[in-house]
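What follows is model_6.cif (mmCIF, C-alpha atoms).
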data_upload
loop_
_atom_site.label_atom_id
_atom_site.label_comp_id
_atom_site.auth_asym_id
_atom_site.auth_seq_id
_atom_site.Cartn_x
_atom_site.Cartn_y
_atom_site.Cartn_z
CA MET A 1 -3.31 54.66 -13.29
CA ILE A 2 -4.58 51.61 -15.19
CA ASN A 3 -2.03 48.80 -15.10
CA VAL A 4 -2.01 47.29 -18.59
CA ALA A 5 0.11 44.36 -17.42
CA THR A 6 -2.61 43.41 -14.94
CA ILE A 7 -5.26 43.63 -17.66
CA LYS A 8 -3.23 41.32 -19.90
CA GLU A 9 -2.46 38.90 -17.10
CA TYR A 10 -6.14 38.39 -16.39
CA ALA A 11 -6.70 37.42 -20.03
CA TYR A 12 -4.13 34.64 -19.61
CA THR A 13 -5.86 33.36 -16.49
CA LEU A 14 -9.04 32.99 -18.55
CA GLY A 15 -7.23 30.76 -21.03
CA PHE A 16 -6.31 33.17 -23.81
CA ASP A 17 -2.86 32.57 -25.29
CA SER A 18 -2.05 36.07 -26.49
CA VAL A 19 -3.34 39.54 -25.68
CA ARG A 20 -2.39 42.85 -27.25
CA ILE A 21 -3.84 46.36 -27.28
CA THR A 22 -4.37 48.95 -30.00
CA SER A 23 -6.17 52.25 -30.22
CA ALA A 24 -9.78 52.60 -31.28
CA ASP A 25 -8.80 54.72 -34.28
CA ALA A 26 -10.51 53.91 -37.56
CA PHE A 27 -9.14 51.37 -40.08
CA PRO A 28 -9.37 53.32 -43.37
CA GLU A 29 -7.04 50.97 -45.28
CA ALA A 30 -9.12 47.92 -44.34
CA GLU A 31 -12.30 49.76 -45.29
CA GLY A 32 -10.89 50.63 -48.70
CA ILE A 33 -9.79 47.05 -49.35
CA ILE A 34 -13.16 45.62 -48.33
CA LYS A 35 -15.03 47.99 -50.64
CA GLU A 36 -12.65 47.18 -53.48
CA ARG A 37 -13.08 43.43 -52.99
CA ILE A 38 -16.88 43.80 -52.94
CA ALA A 39 -16.78 45.79 -56.19
CA GLN A 40 -14.61 43.09 -57.78
CA GLY A 41 -17.13 40.37 -56.85
CA LEU A 42 -14.65 38.63 -54.57
CA MET A 43 -17.19 38.57 -51.74
CA ASP A 44 -20.18 37.42 -53.76
CA GLY A 45 -22.30 34.99 -51.80
CA LEU A 46 -21.72 36.83 -48.52
CA PRO A 47 -24.81 39.08 -48.53
CA TRP A 48 -24.10 40.51 -45.08
CA PHE A 49 -20.64 41.70 -46.16
CA THR A 50 -21.67 45.03 -47.63
CA ALA A 51 -19.92 48.35 -48.16
CA GLU A 52 -22.24 49.79 -45.53
CA ARG A 53 -21.11 47.13 -43.05
CA SER A 54 -17.47 48.11 -43.57
CA GLU A 55 -18.32 51.68 -42.63
CA VAL A 56 -19.30 50.34 -39.23
CA SER A 57 -16.81 47.52 -38.74
CA CYS A 58 -13.83 49.71 -39.63
CA HIS A 59 -14.88 52.48 -37.24
CA PRO A 60 -14.82 51.31 -33.60
CA ASP A 61 -16.60 54.48 -32.48
CA ALA A 62 -19.59 53.32 -34.52
CA LEU A 63 -19.65 50.23 -32.31
CA LEU A 64 -19.00 52.12 -29.07
CA PRO A 65 -19.29 55.93 -29.33
CA GLU A 66 -16.71 56.62 -26.59
CA ALA A 67 -14.27 53.90 -27.73
CA GLN A 68 -10.61 54.56 -26.96
CA SER A 69 -8.95 51.14 -26.99
CA ILE A 70 -9.32 47.64 -28.39
CA ILE A 71 -8.04 44.58 -26.56
CA THR A 72 -7.35 41.84 -29.11
CA LEU A 73 -7.02 38.23 -27.98
CA ALA A 74 -5.98 34.92 -29.48
CA MET A 75 -6.76 31.37 -28.41
CA VAL A 76 -4.88 28.39 -29.88
CA TYR A 77 -6.99 25.53 -31.21
CA LEU A 78 -4.21 23.14 -32.23
CA THR A 79 -4.77 19.54 -31.17
CA GLU A 80 -3.37 16.18 -32.17
CA GLN A 81 -4.00 15.11 -35.76
CA PRO A 82 -6.19 11.99 -36.01
CA GLU A 83 -4.34 9.12 -37.68
CA GLN A 84 -6.80 8.11 -40.41
CA SER A 85 -6.51 7.64 -44.15
CA GLU A 86 -8.95 8.88 -46.78
CA GLN A 87 -10.02 5.29 -47.49
CA ASP A 88 -10.05 2.31 -45.17
CA GLU A 89 -11.92 -0.97 -44.75
CA SER A 90 -15.00 0.87 -43.48
CA GLY A 91 -15.19 2.99 -46.64
CA PRO A 92 -14.26 6.50 -47.73
CA ARG A 93 -13.70 9.21 -45.15
CA GLY A 94 -14.14 12.96 -45.31
CA ARG A 95 -12.07 15.79 -43.90
CA ILE A 96 -13.21 18.51 -41.54
CA SER A 97 -11.38 21.77 -40.94
CA ARG A 98 -9.30 21.61 -37.80
CA TYR A 99 -11.15 24.40 -36.02
CA ALA A 100 -14.36 22.34 -36.11
CA TRP A 101 -13.04 19.09 -34.62
CA GLY A 102 -14.21 20.01 -31.15
CA ASP A 103 -16.78 22.28 -29.54
CA ASP A 104 -18.05 25.50 -31.08
CA TYR A 105 -15.45 28.15 -30.32
CA HIS A 106 -18.06 30.92 -30.41
CA GLU A 107 -19.69 29.51 -27.28
CA ILE A 108 -16.40 28.91 -25.51
CA ILE A 109 -14.78 32.26 -26.25
CA LYS A 110 -17.84 34.46 -25.86
CA THR A 111 -18.39 33.14 -22.32
CA LYS A 112 -14.80 34.08 -21.47
CA LEU A 113 -15.16 37.50 -23.10
CA TYR A 114 -18.22 38.38 -21.03
CA ARG A 115 -16.37 37.34 -17.88
CA TYR A 116 -13.36 39.38 -18.96
CA ALA A 117 -15.51 42.45 -19.67
CA GLU A 118 -17.20 42.18 -16.28
CA TRP A 119 -13.84 41.94 -14.53
CA LEU A 120 -12.54 44.89 -16.56
CA ARG A 121 -15.45 47.08 -15.51
CA ASP A 122 -14.87 46.23 -11.84
CA TYR A 123 -11.08 46.62 -12.04
CA ALA A 124 -11.11 50.04 -13.76
CA ARG A 125 -14.20 51.46 -12.06
CA ASP A 126 -12.20 53.92 -10.01
CA GLU A 127 -9.77 54.84 -12.78
CA ILE A 128 -12.04 56.94 -15.02
CA GLU A 129 -14.84 59.37 -14.31
CA ASN A 130 -17.42 57.71 -16.57
CA THR A 131 -18.77 54.17 -16.46
CA VAL A 132 -16.46 51.61 -18.05
CA GLU A 133 -18.06 50.57 -21.34
CA THR A 134 -17.23 47.43 -23.31
CA ARG A 135 -18.34 45.62 -26.46
CA VAL A 136 -17.18 42.05 -27.14
CA PHE A 137 -16.65 40.40 -30.52
CA VAL A 138 -15.71 36.93 -31.69
CA ASP A 139 -15.75 36.33 -35.44
CA THR A 140 -19.44 36.94 -36.14
CA GLY A 141 -19.64 40.54 -34.88
CA ARG A 142 -19.02 43.70 -36.85
CA MET A 143 -15.31 43.95 -36.27
CA VAL A 144 -12.39 43.75 -38.70
CA ASP A 145 -10.59 41.34 -36.40
CA ARG A 146 -7.55 40.71 -38.59
CA ALA A 147 -6.89 44.41 -39.08
CA VAL A 148 -7.14 44.88 -35.31
CA ALA A 149 -4.79 41.96 -34.61
CA GLN A 150 -2.25 43.25 -37.14
CA ARG A 151 -2.19 46.80 -35.79
CA ALA A 152 -1.94 45.55 -32.21
CA GLY A 153 1.07 43.39 -33.07
CA LEU A 154 -0.64 40.10 -32.24
CA GLY A 155 0.47 38.78 -35.63
CA TRP A 156 0.99 39.74 -39.25
CA TYR A 157 -1.27 39.50 -42.25
CA GLY A 158 -0.43 36.38 -44.24
CA LYS A 159 -0.69 36.03 -48.01
CA ASN A 160 -3.51 33.52 -47.48
CA THR A 161 -5.39 36.37 -45.72
CA ASN A 162 -5.03 34.74 -42.27
CA ILE A 163 -3.30 36.34 -39.29
CA LEU A 164 -0.02 34.57 -38.55
CA THR A 165 1.45 34.58 -35.06
CA LYS A 166 5.07 33.76 -34.28
CA GLU A 167 4.16 31.18 -31.65
CA TRP A 168 1.23 29.31 -33.21
CA GLY A 169 1.04 30.36 -36.83
CA SER A 170 -2.55 30.90 -37.93
CA TRP A 171 -3.99 28.15 -35.72
CA VAL A 172 -5.73 30.68 -33.48
CA PHE A 173 -9.19 32.10 -32.90
CA LEU A 174 -9.39 35.90 -32.67
CA ALA A 175 -11.57 37.95 -30.33
CA GLU A 176 -11.81 41.59 -29.30
CA ILE A 177 -13.06 43.86 -26.53
CA VAL A 178 -13.71 47.48 -27.49
CA THR A 179 -13.66 49.79 -24.47
CA ASN A 180 -13.71 53.44 -23.50
CA LEU A 181 -10.67 52.85 -21.27
CA PRO A 182 -7.52 54.75 -22.36
CA LEU A 183 -4.93 51.96 -22.57
CA GLN A 184 -1.35 52.05 -23.78
CA ALA A 185 -1.19 50.57 -27.28
CA ASP A 186 1.26 47.92 -28.47
CA THR A 187 3.19 48.27 -31.71
CA PRO A 188 2.67 46.22 -34.92
CA MET A 189 5.10 43.46 -35.89
CA LYS A 190 7.59 44.04 -38.68
CA THR A 191 7.44 40.36 -39.69
CA SER A 192 5.96 39.34 -43.04
CA CYS A 193 5.68 36.29 -45.31
CA GLY A 194 8.61 37.57 -47.37
CA SER A 195 8.79 35.98 -50.81
CA CYS A 196 6.93 32.79 -49.79
CA GLU A 197 3.84 32.05 -51.89
CA ILE A 198 3.38 28.33 -51.16
CA CYS A 199 -0.20 28.82 -49.99
CA LEU A 200 -1.24 30.57 -53.21
CA HIS A 201 -0.14 27.67 -55.39
CA ALA A 202 -1.49 24.96 -53.06
CA CYS A 203 -5.13 26.06 -53.26
CA PRO A 204 -6.92 23.51 -55.51
CA THR A 205 -9.66 25.94 -56.57
CA GLN A 206 -7.28 28.88 -57.09
CA ALA A 207 -9.14 30.94 -54.50
CA LEU A 208 -5.95 32.90 -53.78
CA PRO A 209 -5.35 34.66 -57.12
CA ALA A 210 -2.77 37.06 -55.64
CA PRO A 211 -1.04 37.69 -52.31
CA TYR A 212 -3.47 38.91 -49.64
CA VAL A 213 -6.47 38.39 -51.95
CA LEU A 214 -9.19 35.79 -51.36
CA ASP A 215 -11.76 35.02 -54.05
CA SER A 216 -14.46 33.88 -51.61
CA PRO A 217 -16.82 32.21 -54.14
CA ARG A 218 -13.98 29.82 -55.08
CA CYS A 219 -12.81 29.07 -51.54
CA ILE A 220 -13.64 25.54 -50.34
CA SER A 221 -14.50 26.91 -46.90
CA PHE A 222 -17.08 29.16 -48.52
CA LEU A 223 -18.41 26.36 -50.74
CA THR A 224 -18.86 23.90 -47.88
CA ILE A 225 -20.07 26.30 -45.16
CA GLU A 226 -21.39 29.64 -46.42
CA LEU A 227 -22.92 28.61 -49.75
CA ARG A 228 -26.55 27.69 -49.30
CA GLY A 229 -27.29 26.48 -52.81
CA SER A 230 -25.70 24.21 -55.38
CA ILE A 231 -21.92 23.97 -55.60
CA PRO A 232 -20.70 24.95 -59.11
CA ILE A 233 -20.14 21.78 -61.11
CA GLU A 234 -16.68 22.82 -62.28
CA LEU A 235 -15.46 23.23 -58.68
CA ARG A 236 -16.79 19.94 -57.28
CA PRO A 237 -13.96 17.70 -58.56
CA LEU A 238 -11.43 20.09 -56.99
CA MET A 239 -12.86 19.72 -53.48
CA GLY A 240 -11.57 16.22 -52.84
CA ASN A 241 -12.94 14.78 -49.60
CA LEU A 242 -13.40 18.12 -47.79
CA ILE A 243 -16.87 18.28 -46.26
CA PHE A 244 -16.59 21.22 -43.85
CA GLY A 245 -14.06 23.98 -44.34
CA CYS A 246 -10.53 23.68 -45.66
CA ASP A 247 -7.07 23.94 -44.08
CA ILE A 248 -4.90 23.45 -47.17
CA CYS A 249 -3.47 26.98 -47.24
CA GLN A 250 -2.68 26.63 -43.53
CA GLU A 251 -1.29 23.11 -43.71
CA VAL A 252 1.33 24.05 -46.32
CA CYS A 253 2.39 27.25 -44.51
CA PRO A 254 5.99 26.98 -43.21
CA VAL A 255 5.13 29.17 -40.22
CA ASN A 256 2.36 26.77 -39.23
CA ASN A 257 4.57 23.73 -39.80
CA ILE A 258 7.23 25.14 -37.48
CA ALA A 259 4.61 25.90 -34.84
CA GLU A 260 3.27 22.34 -34.94
CA LYS A 261 6.75 20.84 -34.66
CA ARG A 262 7.67 23.14 -31.80
CA LEU A 263 4.50 22.15 -29.96
CA GLY A 264 5.15 18.45 -30.54
CA LEU A 265 2.22 17.95 -32.93
CA ARG A 266 4.45 16.87 -35.82
CA ASN A 267 7.09 14.17 -35.67
CA LYS A 268 9.80 15.89 -37.67
CA SER A 269 12.59 17.56 -35.79
CA THR A 270 13.02 21.31 -35.66
CA SER A 271 15.72 23.65 -34.46
CA ALA A 272 13.09 25.60 -32.50
CA LYS A 273 13.17 24.99 -28.76
CA PRO A 274 10.31 22.59 -27.85
CA VAL A 275 7.71 23.80 -25.39
CA THR A 276 5.27 22.11 -23.06
CA PHE A 277 1.92 22.26 -24.78
CA HIS A 278 -1.36 20.74 -23.65
CA PRO A 279 -4.10 20.97 -26.30
CA ARG A 280 -7.41 22.18 -24.92
CA ALA A 281 -9.88 19.41 -24.23
CA GLU A 282 -12.76 21.35 -25.78
CA PHE A 283 -10.97 21.60 -29.14
CA ARG A 284 -9.90 17.94 -29.31
CA PRO A 285 -11.75 15.81 -31.90
CA ARG A 286 -15.20 14.91 -30.60
CA GLU A 287 -16.14 11.24 -30.85
CA SER A 288 -19.29 12.18 -32.79
CA VAL A 289 -17.44 14.49 -35.19
CA GLY A 290 -13.70 13.95 -35.34
CA GLY A 291 -11.46 15.18 -38.10
CA SER A 292 -12.07 12.42 -40.61
CA PRO A 293 -15.54 10.85 -40.29
CA GLU A 294 -16.87 7.94 -42.34
CA LEU A 295 -18.85 9.43 -45.21
CA ILE A 296 -21.41 6.80 -46.14
CA PRO A 297 -23.15 6.66 -42.71
CA LEU A 298 -23.57 10.45 -42.78
CA LEU A 299 -25.98 10.17 -45.71
CA SER A 300 -28.52 8.33 -43.54
CA LEU A 301 -28.71 11.06 -40.89
CA THR A 302 -32.21 12.34 -40.17
CA GLU A 303 -32.81 15.97 -39.23
CA GLU A 304 -33.09 15.01 -35.57
CA GLN A 305 -29.94 12.88 -35.69
CA PHE A 306 -28.03 15.69 -37.37
CA ARG A 307 -29.02 18.17 -34.66
CA GLU A 308 -28.09 15.73 -31.90
CA ARG A 309 -24.77 14.64 -33.41
CA PHE A 310 -23.57 18.18 -34.09
CA ARG A 311 -24.99 19.90 -31.05
CA HIS A 312 -22.44 22.49 -29.80
CA SER A 313 -20.38 21.92 -32.96
CA PRO A 314 -19.60 24.54 -35.64
CA ILE A 315 -20.82 22.00 -38.20
CA ARG A 316 -24.45 22.61 -37.29
CA ARG A 317 -24.07 25.87 -39.24
CA THR A 318 -24.30 24.02 -42.56
CA LYS A 319 -27.61 22.44 -41.57
CA ARG A 320 -28.32 18.87 -42.62
CA ARG A 321 -28.88 19.67 -46.29
CA GLY A 322 -25.58 21.54 -46.56
CA LEU A 323 -23.48 18.86 -44.90
CA LEU A 324 -25.04 16.02 -46.88
CA ARG A 325 -24.59 18.01 -50.09
CA ASN A 326 -20.88 18.19 -49.25
CA VAL A 327 -20.77 14.50 -48.36
CA CYS A 328 -22.23 13.63 -51.77
CA VAL A 329 -19.49 15.61 -53.51
CA ALA A 330 -16.78 13.94 -51.42
CA LEU A 331 -18.20 10.48 -52.17
CA GLY A 332 -18.30 11.28 -55.87
CA ASN A 333 -14.65 12.33 -55.73
CA SER A 334 -13.74 9.15 -53.85
CA GLY A 335 -14.80 7.01 -56.82
CA ASN A 336 -15.66 4.30 -54.31
CA VAL A 337 -18.43 1.95 -55.51
CA GLN A 338 -19.33 1.18 -51.89
CA ALA A 339 -21.07 4.57 -51.87
CA ILE A 340 -23.49 3.78 -54.72
CA PRO A 341 -26.30 2.22 -52.62
CA ALA A 342 -26.34 5.12 -50.14
CA LEU A 343 -26.17 7.71 -52.92
CA SER A 344 -28.99 5.93 -54.75
CA LEU A 345 -31.15 6.19 -51.63
CA SER A 346 -30.26 9.90 -51.43
CA LEU A 347 -31.93 10.39 -54.81
CA GLN A 348 -35.14 10.09 -52.79
CA ASP A 349 -34.17 12.53 -50.05
CA SER A 350 -36.72 15.24 -49.21
CA GLU A 351 -34.11 17.95 -49.93
CA PRO A 352 -33.63 18.77 -53.63
CA LEU A 353 -30.11 20.04 -52.87
CA ILE A 354 -29.09 16.60 -51.62
CA ARG A 355 -30.79 14.75 -54.46
CA GLY A 356 -29.02 16.86 -57.07
CA HIS A 357 -25.56 16.38 -55.62
CA ALA A 358 -26.18 12.66 -55.08
CA ALA A 359 -26.95 12.42 -58.79
CA TRP A 360 -23.68 14.16 -59.67
CA ALA A 361 -21.76 11.81 -57.38
CA LEU A 362 -23.29 8.74 -59.00
CA GLY A 363 -22.36 10.07 -62.42
CA ARG A 364 -18.79 10.65 -61.29
CA ILE A 365 -18.43 7.18 -59.78
CA GLY A 366 -20.03 5.53 -62.79
CA GLY A 367 -20.88 1.90 -63.38
CA GLU A 368 -24.03 -0.04 -64.26
CA GLN A 369 -25.57 0.21 -60.78
CA ALA A 370 -25.18 3.99 -60.68
CA TYR A 371 -26.56 4.35 -64.21
CA HIS A 372 -29.62 2.29 -63.31
CA ALA A 373 -30.30 4.39 -60.19
CA LEU A 374 -30.14 7.62 -62.18
CA ASN A 375 -32.29 6.28 -65.01
CA THR A 376 -34.90 5.13 -62.51
CA ALA A 377 -34.95 8.46 -60.66
CA LEU A 378 -35.25 10.73 -63.70
CA PRO A 379 -38.92 10.04 -64.62
CA GLU A 380 -39.96 10.44 -60.98
CA GLU A 381 -38.13 13.70 -60.30
CA GLN A 382 -40.31 16.83 -60.31
CA ASP A 383 -37.73 19.47 -59.40
CA MET A 384 -36.30 21.01 -62.58
CA GLU A 385 -32.86 21.73 -61.10
CA VAL A 386 -32.53 18.17 -59.86
CA ARG A 387 -33.64 16.85 -63.25
CA LYS A 388 -30.82 18.86 -64.83
CA GLU A 389 -28.36 17.34 -62.36
CA ILE A 390 -29.56 13.81 -63.20
CA GLN A 391 -29.37 14.48 -66.93
CA TYR A 392 -25.86 15.88 -66.53
CA ALA A 393 -24.85 12.84 -64.47
CA LEU A 394 -26.20 10.50 -67.16
CA SER A 395 -24.18 12.39 -69.77
CA MET A 396 -21.03 11.44 -67.88
CA PHE A 397 -21.42 7.75 -68.79
#
Written as structure tokens, that's how I'd like the structure from this file.
Amino acid sequence: MINVATIKEYAYTLGFDSVRITSADAFPEAEGIIKERIAQGLMDGLPWFTAERSEVSCHPDALLPEAQSIITLAMVYLTEQPEQSEQDESGPRGRISRYAWGDDYHEIIKTKLYRYAEWLRDYARDEIENTVETRVFVDTGRMVDRAVAQRAGLGWYGKNTNILTKEWGSWVFLAEIVTNLPLQADTPMKTSCGSCEICLHACPTQALPAPYVLDSPRCISFLTIELRGSIPIELRPLMGNLIFGCDICQEVCPVNNIAEKRLGLRNKSTSAKPVTFHPRAEFRPRESVGGSPELIPLLSLTEEQFRERFRHSPIRRTKRRGLLRNVCVALGNSGNVQAIPALSLSLQDSEPLIRGHAAWALGRIGGEQAYHALNTALPEEQDMEVRKEIQYALSMF
């Protein structure tokens, strides 16, 4: 007889903070919602997120033909908040989503998952007639991880579309192991967000038009990470100083606030019993990344410097042109004239995407120096889209 308690205990020894089990039955409700959202255009800009993909991701037996169970895991990535303001003597600073302050969680978790799967095969080898089969997933694989976590009782589906856990709120990474082992399933939670809709109203780009609905093309995380082209002009002023991802809907969540206080990561008192919590070293802010980096120096990064600085960081996903595009928008929103020289130099960058957003930023900051830089760049610019950006920026004066 397979001891589920032993299987869960091993997950904790690997560093996971929560482990639950559900069956490998299909997720028809999730499949229907995904197809509906695609039809509504709420997943535009995510070309891999197709209706056909949902027919695989919502059917575990399409991922592993003999699938019987799914082990769903959570790992907390909460760490101390860096004490830095948006502007200081060194110049304007940007903000990075909390999950990207440290090392790339894909690398960390996937290594643990492979180790877990290997142990599982050895442990249960004598318990079933056939070979123990496993498939591991962490975020990027074809798995509806939030639907799995909800059905397994790891957490509940929040109105901001994140999974919320009782212990750590939504500050967790999710991962799964699909297996042909017949394991006793856990039951879903009965908890919900109740009448709370704070997150919906806090989103600056109104990317949460209704409870449990995310309009991806308006989400700042999408705009700064997934979007490969130009950020819509009307959304740029709403992005503030966010340069990689966004935590606003998580930061305002009462469940998350309570979790941070309980873990000693917020100063305010709470009635919840405090616990001993040691943030993982690999998720702490890296010296080369941090949670609030100086913006102006980022504009001078070469391709090689970008790769070196963000090696083993989730931020490398944006590539240099994507990150510097975001930096330009944040500098424009800062209104800080210290950024004008660096933005003016970026009008000569080899990447049209960076040149165009540098032009917008100069127009937003304004002033004689910015106007002169734009006027000088316009006759020299050959790219039609960048020319439009420069002309639009000049119209802002």
Practice task
Run the PyMOL selection byres ((chain A and resi 94) around 7) against the file shown and list the residues it catches, as an NGL selection string.
Solution key: :A and (86 or 92-93 or 95-96 or 241-243 or 292-295 or 330)
Keeping only C-alpha atoms, write those residues as a CSV table (one decimal), in the coordinates of the input.
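This is the output file selection.csv:
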chain,number,residue,atom,x,y,z
A,86,GLU,CA,-9.0,8.9,-46.8
A,92,PRO,CA,-14.3,6.5,-47.7
A,93,ARG,CA,-13.7,9.2,-45.2
A,95,ARG,CA,-12.1,15.8,-43.9
A,96,ILE,CA,-13.2,18.5,-41.5
A,241,ASN,CA,-12.9,14.8,-49.6
A,242,LEU,CA,-13.4,18.1,-47.8
A,243,ILE,CA,-16.9,18.3,-46.3
A,292,SER,CA,-12.1,12.4,-40.6
A,293,PRO,CA,-15.5,10.8,-40.3
A,294,GLU,CA,-16.9,7.9,-42.3
A,295,LEU,CA,-18.8,9.4,-45.2
A,330,ALA,CA,-16.8,13.9,-51.4
Practice task
Output the residue selection produced by the PyMOL selection byres ((chain A and resi 145) around 12) on the file above, formatted as a ChimeraX atom specification.
Solution key: /A:22,27,30,57-60,70-74,136-144,146-152,154-155,157,161-163,173-178
Write a file of the just-selected residues containing C-alpha atoms, as a PDB file, in the frame of the given file.
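Contents of part29.pdb, freshly written:
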ATOM      1  CA  THR A  22      -4.370  48.950 -30.000  1.00  0.00           C
ATOM      2  CA  PHE A  27      -9.140  51.370 -40.080  1.00  0.00           C
ATOM      3  CA  ALA A  30      -9.120  47.920 -44.340  1.00  0.00           C
ATOM      4  CA  SER A  57     -16.810  47.520 -38.740  1.00  0.00           C
ATOM      5  CA  CYS A  58     -13.830  49.710 -39.630  1.00  0.00           C
ATOM      6  CA  HIS A  59     -14.880  52.480 -37.240  1.00  0.00           C
ATOM      7  CA  PRO A  60     -14.820  51.310 -33.600  1.00  0.00           C
ATOM      8  CA  ILE A  70      -9.320  47.640 -28.390  1.00  0.00           C
ATOM      9  CA  ILE A  71      -8.040  44.580 -26.560  1.00  0.00           C
ATOM     10  CA  THR A  72      -7.350  41.840 -29.110  1.00  0.00           C
ATOM     11  CA  LEU A  73      -7.020  38.230 -27.980  1.00  0.00           C
ATOM     12  CA  ALA A  74      -5.980  34.920 -29.480  1.00  0.00           C
ATOM     13  CA  VAL A 136     -17.180  42.050 -27.140  1.00  0.00           C
ATOM     14  CA  PHE A 137     -16.650  40.400 -30.520  1.00  0.00           C
ATOM     15  CA  VAL A 138     -15.710  36.930 -31.690  1.00  0.00           C
ATOM     16  CA  ASP A 139     -15.750  36.330 -35.440  1.00  0.00           C
ATOM     17  CA  THR A 140     -19.440  36.940 -36.140  1.00  0.00           C
ATOM     18  CA  GLY A 141     -19.640  40.540 -34.880  1.00  0.00           C
ATOM     19  CA  ARG A 142     -19.020  43.700 -36.850  1.00  0.00           C
ATOM     20  CA  MET A 143     -15.310  43.950 -36.270  1.00  0.00           C
ATOM     21  CA  VAL A 144     -12.390  43.750 -38.700  1.00  0.00           C
ATOM     22  CA  ARG A 146      -7.550  40.710 -38.590  1.00  0.00           C
ATOM     23  CA  ALA A 147      -6.890  44.410 -39.080  1.00  0.00           C
ATOM     24  CA  VAL A 148      -7.140  44.880 -35.310  1.00  0.00           C
ATOM     25  CA  ALA A 149      -4.790  41.960 -34.610  1.00  0.00           C
ATOM     26  CA  GLN A 150      -2.250  43.250 -37.140  1.00  0.00           C
ATOM     27  CA  ARG A 151      -2.190  46.800 -35.790  1.00  0.00           C
ATOM     28  CA  ALA A 152      -1.940  45.550 -32.210  1.00  0.00           C
ATOM     29  CA  LEU A 154      -0.640  40.100 -32.240  1.00  0.00           C
ATOM     30  CA  GLY A 155       0.470  38.780 -35.630  1.00  0.00           C
ATOM     31  CA  TYR A 157      -1.270  39.500 -42.250  1.00  0.00           C
ATOM     32  CA  THR A 161      -5.390  36.370 -45.720  1.00  0.00           C
ATOM     33  CA  ASN A 162      -5.030  34.740 -42.270  1.00  0.00           C
ATOM     34  CA  ILE A 163      -3.300  36.340 -39.290  1.00  0.00           C
ATOM     35  CA  PHE A 173      -9.190  32.100 -32.900  1.00  0.00           C
ATOM     36  CA  LEU A 174      -9.390  35.900 -32.670  1.00  0.00           C
ATOM     37  CA  ALA A 175     -11.570  37.950 -30.330  1.00  0.00           C
ATOM     38  CA  GLU A 176     -11.810  41.590 -29.300  1.00  0.00           C
ATOM     39  CA  ILE A 177     -13.060  43.860 -26.530  1.00  0.00           C
ATOM     40  CA  VAL A 178     -13.710  47.480 -27.490  1.00  0.00           C
TER      41      VAL A 178
END
Handout entry: Residue among A:Ile38, A:Leu235, A:Ile225, A:Met43 lying closest to Arg321 (chain A), counting all atoms listed in the file
Key = A:Ile225
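Between CA of Trp168 (chain A) and CA of Leu265 (chain A) there is a distance of 11.4 Å.
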Practice task
For each of A:Gly45, A:Gly332, A:Gly158, A:Pro379, take the minimum atom-to-atom distance to Ala393 (chain A), counting only C-alpha atoms, then give the residue where this is smallest.
Solution key: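 When distances to Ala393 (chain A) are compared using only C-alpha atoms, the smallest one comes from A:Gly332.
Interatomic distance, CA of Asn336 (chain A) to CA of Gln369 (chain A): 12.5 Å.
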Practice task
Measure the distance from CA of His312 (chain A) to CA of Leu223 (chain A) in Å and round it to one decimal.
Solution key: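 Distance reported for this atom pair: 21.7 Å.
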If we count only C-alpha atoms and set the cut-off at 12 Å, which residues sit around His357 (chain A), ignoring sequence neighbours fewer than 4 positions away in its own chain? Please answer as a tab-separated table (two decimals) with C-alpha atoms, in the coordinates of the input.
chain	number	residue	atom	x	y	z
A	229	GLY	CA	-27.29	26.48	-52.81
A	230	SER	CA	-25.70	24.21	-55.38
A	231	ILE	CA	-21.92	23.97	-55.60
A	232	PRO	CA	-20.70	24.95	-59.11
A	233	ILE	CA	-20.14	21.78	-61.11
A	236	ARG	CA	-16.79	19.94	-57.28
A	299	LEU	CA	-25.98	10.17	-45.71
A	321	ARG	CA	-28.88	19.67	-46.29
A	322	GLY	CA	-25.58	21.54	-46.56
A	323	LEU	CA	-23.48	18.86	-44.90
A	324	LEU	CA	-25.04	16.02	-46.88
A	325	ARG	CA	-24.59	18.01	-50.09
A	326	ASN	CA	-20.88	18.19	-49.25
A	327	VAL	CA	-20.77	14.50	-48.36
A	328	CYS	CA	-22.23	13.63	-51.77
A	329	VAL	CA	-19.49	15.61	-53.51
A	330	ALA	CA	-16.78	13.94	-51.42
A	331	LEU	CA	-18.20	10.48	-52.17
A	332	GLY	CA	-18.30	11.28	-55.87
A	333	ASN	CA	-14.65	12.33	-55.73
A	343	LEU	CA	-26.17	7.71	-52.92
A	344	SER	CA	-28.99	5.93	-54.75
A	346	SER	CA	-30.26	9.90	-51.43
A	347	LEU	CA	-31.93	10.39	-54.81
A	348	GLN	CA	-35.14	10.09	-52.79
A	349	ASP	CA	-34.17	12.53	-50.05
A	351	GLU	CA	-34.11	17.95	-49.93
A	352	PRO	CA	-33.63	18.77	-53.63
A	353	LEU	CA	-30.11	20.04	-52.87
A	361	ALA	CA	-21.76	11.81	-57.38
A	362	LEU	CA	-23.29	8.74	-59.00
A	363	GLY	CA	-22.36	10.07	-62.42
A	364	ARG	CA	-18.79	10.65	-61.29
A	374	LEU	CA	-30.14	7.62	-62.18
A	385	GLU	CA	-32.86	21.73	-61.10
A	386	VAL	CA	-32.53	18.17	-59.86
A	387	ARG	CA	-33.64	16.85	-63.25
A	388	LYS	CA	-30.82	18.86	-64.83
A	389	GLU	CA	-28.36	17.34	-62.36
A	390	ILE	CA	-29.56	13.81	-63.20
A	392	TYR	CA	-25.86	15.88	-66.53
A	393	ALA	CA	-24.85	12.84	-64.47
Handout entry: Contact residues around Glu52 (chain A) with all atoms listed in the file at 12 Å, ignoring same-chain residues under 2 positions, as a ChimeraX atom specification
Key = /A:31-32,34-35,38,47-50,54-59,62,142
